[in-house]
Amino acid sequence: MSLRMNYRAANTGAFKALMAMEQFVSGQFEDKVLYELLKIRVSQINGCAFCLDMHAKDLMKLGDYADHILLLSVWREAPLFTEKERVMLELAEAVTRISEQGVPLELYNKVRKYFSEAELVDLVMAINTINNWNRIAITTGMYPGCFN
């Protein structure tokens, strides 16, 4: 495999802007496990190997979450996810696939049972941020280990 281009070098301003967004969003999450699950699930949907690899490793640094990683793509059938995680995952899927059905009111109401308005905005910002990273990585041909 070969990297199509190093976007970080090609446009440092764009990289810095996205890093600033990432730093802001990551600072909003006390629950780092929830944050990594969100990033992994969105990366699965988008098919981003680079981000899947990175965030699965980041989650494993937080503890033994191998089962969570293995079952994340089938979270609806896996009893190990909490209700709060399930609601977040459903929102992550809806926002990532927003052109399919938007974010239905029923889902919005479920999210609001577990997350404040400010936390909901943080979730949407986090989903948007990882979608941005995925799209850059896929477009430029990033793969696990390409910057090693």
# chains A, B, ... in the order shown; residues from 1 in each chain; ligands from 1

call {"tool": "select_by_dssp", "arguments": {"residues": "region 25-146 of chain A", "states": "helix (DSSP H, G or I)", "output": "JSON, numbers by chain"}}
result
{"A": [25, 26, 27, 32, 33, 34, 35, 36, 37, 38, 39, 40, 41, 42, 43, 44, 45, 46, 49, 50, 51, 52, 53, 54, 55, 56, 57, 58, 59, 60, 61, 66, 67, 68, 69, 70, 71, 72, 73, 74, 75, 76, 77, 83, 84, 85, 86, 87, 88, 89, 90, 91, 92, 93, 94, 95, 96, 98, 99, 100, 101, 105, 106, 107, 108, 109, 110, 111, 112, 113, 114, 117, 118, 119, 120, 121, 122, 123, 124, 125, 126, 127, 128, 129, 130, 131, 132, 133, 134, 135, 136, 137, 138, 139, 140]}

call {"tool": "closest_residue", "arguments": {"among": "A:Arg112, A:Lys16, A:Arg97, A:Lys32", "to": "Leu62 (chain A)", "atoms": "only C-alpha atoms"}}
result
A:Lys32

call {"tool": "closest_residue", "arguments": {"among": "A:Ile98, A:Leu91, A:Met54, A:Val33", "to": "His68 (chain A)", "atoms": "only C-alpha atoms"}}
result
A:Val33
